[in-house]
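Source file query.cif; content: mmCIF, N, CA and C atoms.
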```cif
data_my_file
loop_
_atom_site.label_atom_id
_atom_site.label_comp_id
_atom_site.auth_asym_id
_atom_site.auth_seq_id
_atom_site.Cartn_x
_atom_site.Cartn_y
_atom_site.Cartn_z
N MET A 1 11.43 15.07 11.55
CA MET A 1 10.22 14.27 11.68
C MET A 1 10.36 13.03 10.82
N SER A 2 9.90 11.92 11.34
CA SER A 2 9.96 10.69 10.56
C SER A 2 8.79 10.64 9.57
N GLY A 3 8.83 9.67 8.70
CA GLY A 3 7.79 9.54 7.69
C GLY A 3 6.41 9.30 8.29
N SER A 4 6.35 8.47 9.33
CA SER A 4 5.05 8.18 9.92
C SER A 4 4.47 9.40 10.63
N THR A 5 5.34 10.23 11.22
CA THR A 5 4.86 11.44 11.88
C THR A 5 4.36 12.45 10.85
N LYS A 6 5.05 12.54 9.71
CA LYS A 6 4.58 13.42 8.64
C LYS A 6 3.23 12.94 8.11
N THR A 7 3.07 11.64 7.99
CA THR A 7 1.80 11.09 7.53
C THR A 7 0.68 11.40 8.51
N MET A 8 0.96 11.23 9.80
CA MET A 8 -0.05 11.55 10.82
C MET A 8 -0.39 13.03 10.80
N SER A 9 0.61 13.89 10.59
CA SER A 9 0.35 15.33 10.53
C SER A 9 -0.55 15.66 9.34
N GLY A 10 -0.27 15.05 8.21
CA GLY A 10 -1.12 15.26 7.03
C GLY A 10 -2.53 14.76 7.25
N LEU A 11 -2.65 13.61 7.89
CA LEU A 11 -3.97 13.06 8.20
C LEU A 11 -4.73 13.97 9.15
N THR A 12 -4.03 14.53 10.13
CA THR A 12 -4.67 15.43 11.10
C THR A 12 -5.17 16.70 10.41
N ILE A 13 -4.35 17.26 9.53
CA ILE A 13 -4.76 18.46 8.80
C ILE A 13 -5.94 18.14 7.88
N GLY A 14 -5.88 17.00 7.21
CA GLY A 14 -7.00 16.59 6.35
C GLY A 14 -8.28 16.39 7.14
N ALA A 15 -8.16 15.79 8.32
CA ALA A 15 -9.34 15.59 9.16
C ALA A 15 -9.91 16.92 9.62
N LEU A 16 -9.03 17.90 9.90
CA LEU A 16 -9.51 19.23 10.27
C LEU A 16 -10.31 19.86 9.14
N VAL A 17 -9.82 19.73 7.92
CA VAL A 17 -10.51 20.29 6.76
C VAL A 17 -11.87 19.62 6.59
N VAL A 18 -11.91 18.30 6.68
CA VAL A 18 -13.17 17.56 6.52
C VAL A 18 -14.15 17.91 7.63
N THR A 19 -13.67 17.99 8.87
CA THR A 19 -14.54 18.31 10.00
C THR A 19 -15.09 19.72 9.87
N THR A 20 -14.25 20.65 9.45
CA THR A 20 -14.70 22.03 9.25
C THR A 20 -15.73 22.10 8.13
N ALA A 21 -15.49 21.41 7.03
CA ALA A 21 -16.44 21.40 5.92
C ALA A 21 -17.77 20.79 6.34
N TYR A 22 -17.73 19.72 7.10
CA TYR A 22 -18.95 19.09 7.61
C TYR A 22 -19.73 20.06 8.49
N THR A 23 -19.00 20.76 9.36
CA THR A 23 -19.64 21.71 10.27
C THR A 23 -20.30 22.84 9.50
N VAL A 24 -19.63 23.35 8.47
CA VAL A 24 -20.19 24.44 7.67
C VAL A 24 -21.41 23.95 6.90
N ALA A 25 -21.34 22.76 6.33
CA ALA A 25 -22.41 22.27 5.47
C ALA A 25 -23.61 21.74 6.25
N LEU A 26 -23.36 20.98 7.32
CA LEU A 26 -24.45 20.27 7.98
C LEU A 26 -24.65 20.64 9.45
N GLY A 27 -23.80 21.48 9.99
CA GLY A 27 -23.92 21.84 11.40
C GLY A 27 -22.90 21.08 12.23
N SER A 28 -22.70 21.60 13.42
CA SER A 28 -21.66 21.05 14.29
C SER A 28 -21.99 19.65 14.77
N ASN A 29 -20.96 18.83 14.87
CA ASN A 29 -21.08 17.49 15.43
C ASN A 29 -19.96 17.34 16.46
N GLY A 30 -20.34 17.28 17.72
CA GLY A 30 -19.36 17.23 18.80
C GLY A 30 -18.42 16.05 18.72
N TRP A 31 -18.94 14.91 18.28
CA TRP A 31 -18.10 13.70 18.18
C TRP A 31 -17.00 13.85 17.14
N LEU A 32 -17.30 14.54 16.04
CA LEU A 32 -16.27 14.78 15.03
C LEU A 32 -15.16 15.64 15.60
N TRP A 33 -15.53 16.71 16.30
CA TRP A 33 -14.52 17.59 16.88
C TRP A 33 -13.74 16.88 17.98
N PHE A 34 -14.42 16.07 18.77
CA PHE A 34 -13.73 15.29 19.80
C PHE A 34 -12.72 14.34 19.16
N GLY A 35 -13.13 13.66 18.10
CA GLY A 35 -12.23 12.76 17.39
C GLY A 35 -11.04 13.49 16.81
N TRP A 36 -11.27 14.70 16.29
CA TRP A 36 -10.17 15.46 15.73
C TRP A 36 -9.19 15.89 16.82
N VAL A 37 -9.70 16.29 17.98
CA VAL A 37 -8.82 16.67 19.09
C VAL A 37 -7.98 15.48 19.54
N VAL A 38 -8.60 14.32 19.65
CA VAL A 38 -7.86 13.11 20.04
C VAL A 38 -6.78 12.80 19.00
N LEU A 39 -7.13 12.88 17.73
CA LEU A 39 -6.15 12.65 16.65
C LEU A 39 -5.01 13.65 16.74
N GLY A 40 -5.34 14.91 17.00
CA GLY A 40 -4.31 15.93 17.14
C GLY A 40 -3.38 15.65 18.31
N LEU A 41 -3.94 15.21 19.44
CA LEU A 41 -3.12 14.90 20.60
C LEU A 41 -2.21 13.70 20.34
N VAL A 42 -2.72 12.70 19.63
CA VAL A 42 -1.89 11.55 19.27
C VAL A 42 -0.75 11.99 18.35
N THR A 43 -1.05 12.86 17.40
CA THR A 43 -0.02 13.35 16.49
C THR A 43 1.05 14.13 17.24
N ILE A 44 0.63 14.99 18.17
CA ILE A 44 1.58 15.75 18.98
C ILE A 44 2.43 14.80 19.82
N GLY A 45 1.79 13.79 20.38
CA GLY A 45 2.53 12.81 21.17
C GLY A 45 3.55 12.07 20.34
N MET A 46 3.17 11.68 19.11
CA MET A 46 4.12 11.00 18.23
C MET A 46 5.29 11.91 17.89
N ALA A 47 5.00 13.17 17.60
CA ALA A 47 6.06 14.11 17.22
C ALA A 47 7.01 14.34 18.40
N SER A 48 6.47 14.43 19.59
CA SER A 48 7.34 14.71 20.73
C SER A 48 8.20 13.50 21.12
N THR A 49 7.67 12.28 20.95
CA THR A 49 8.46 11.11 21.31
C THR A 49 9.49 10.78 20.24
N ARG A 50 9.19 11.04 19.00
CA ARG A 50 10.14 10.76 17.91
C ARG A 50 11.30 11.73 17.90
N ASP A 51 11.03 12.99 18.29
CA ASP A 51 12.05 14.02 18.22
C ASP A 51 12.99 14.00 19.42
N SER A 52 12.58 13.38 20.52
CA SER A 52 13.41 13.44 21.72
C SER A 52 14.43 12.31 21.77
#
```

Please render this file's structure as structure tokens.
Amino acid sequence: MSGSTKTMSGLTIGALVVTTAYTVALGSNGWLWFGWVVLGLVTIGMASTRDS
């Protein structure tokens, strides 16, 4: 994995933690989860294109 892919992976994991904490503390927000899914898909896309 390249440095930028590792950074995106870390950002994705951090966003998951923040989104989960927000959901536990204040209730679910669909837009946050949607944003996290999009971020995750972008990260997966970056990882698959860099590795091939």

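Atom CA of Thr43 of chain A to atom C of Met8 of chain A spans 5.7 Å [interatomic distance, one decimal].
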
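For the pair atom N of Thr7 of chain A and atom CA of Met46 of chain A, the interatomic distance is 10.3 Å.
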
Take every atom of segment 14-32 of chain A listed in the file, pad by 5 Å on each side, and give me the axis-aligned box centre and edge lengths in Å, one decimal, as JSON.
```
{"center_x": -15.3, "center_y": 19.1, "center_z": 12.1, "size_x": 28.8, "size_y": 20.7, "size_z": 23.3}
```

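Across the structure, atom C of Val24 of chain A and atom C of Lys6 of chain A are spaced 27.0 Å apart.
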
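With distances restricted to only C-alpha atoms, A:Thr20 is the closest residue to Trp33 of chain A from A:Ala47, A:Thr20, A:Ser4, A:Leu11.
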
Could you pull the residues within 12 Å of Val37 of chain A, counting only C-alpha atoms, minus those fewer than 6 positions along the same chain, as a PDB file with N, CA and C atoms, in the frame of the given file?
```pdb
ATOM      1  N   THR A  12      -4.030  14.530  10.130  1.00  0.00           N
ATOM      2  CA  THR A  12      -4.670  15.430  11.100  1.00  0.00           C
ATOM      3  C   THR A  12      -5.170  16.700  10.410  1.00  0.00           C
ATOM      4  N   ILE A  13      -4.350  17.260   9.530  1.00  0.00           N
ATOM      5  CA  ILE A  13      -4.760  18.460   8.800  1.00  0.00           C
ATOM      6  C   ILE A  13      -5.940  18.140   7.880  1.00  0.00           C
ATOM      7  N   ALA A  15      -8.160  15.790   8.320  1.00  0.00           N
ATOM      8  CA  ALA A  15      -9.340  15.590   9.160  1.00  0.00           C
ATOM      9  C   ALA A  15      -9.910  16.920   9.620  1.00  0.00           C
ATOM     10  N   LEU A  16      -9.030  17.900   9.900  1.00  0.00           N
ATOM     11  CA  LEU A  16      -9.510  19.230  10.270  1.00  0.00           C
ATOM     12  C   LEU A  16     -10.310  19.860   9.140  1.00  0.00           C
ATOM     13  N   THR A  19     -13.670  17.990   8.870  1.00  0.00           N
ATOM     14  CA  THR A  19     -14.540  18.310  10.000  1.00  0.00           C
ATOM     15  C   THR A  19     -15.090  19.720   9.870  1.00  0.00           C
ATOM     16  N   GLY A  30     -20.340  17.280  17.720  1.00  0.00           N
ATOM     17  CA  GLY A  30     -19.360  17.230  18.800  1.00  0.00           C
ATOM     18  C   GLY A  30     -18.420  16.050  18.720  1.00  0.00           C
ATOM     19  N   TRP A  31     -18.940  14.910  18.280  1.00  0.00           N
ATOM     20  CA  TRP A  31     -18.100  13.700  18.180  1.00  0.00           C
ATOM     21  C   TRP A  31     -17.000  13.850  17.140  1.00  0.00           C
ATOM     22  N   THR A  43      -1.050  12.860  17.400  1.00  0.00           N
ATOM     23  CA  THR A  43      -0.020  13.350  16.490  1.00  0.00           C
ATOM     24  C   THR A  43       1.050  14.130  17.240  1.00  0.00           C
ATOM     25  N   ILE A  44       0.630  14.990  18.170  1.00  0.00           N
ATOM     26  CA  ILE A  44       1.580  15.750  18.980  1.00  0.00           C
ATOM     27  C   ILE A  44       2.430  14.800  19.820  1.00  0.00           C
TER      28      ILE A  44
END
```
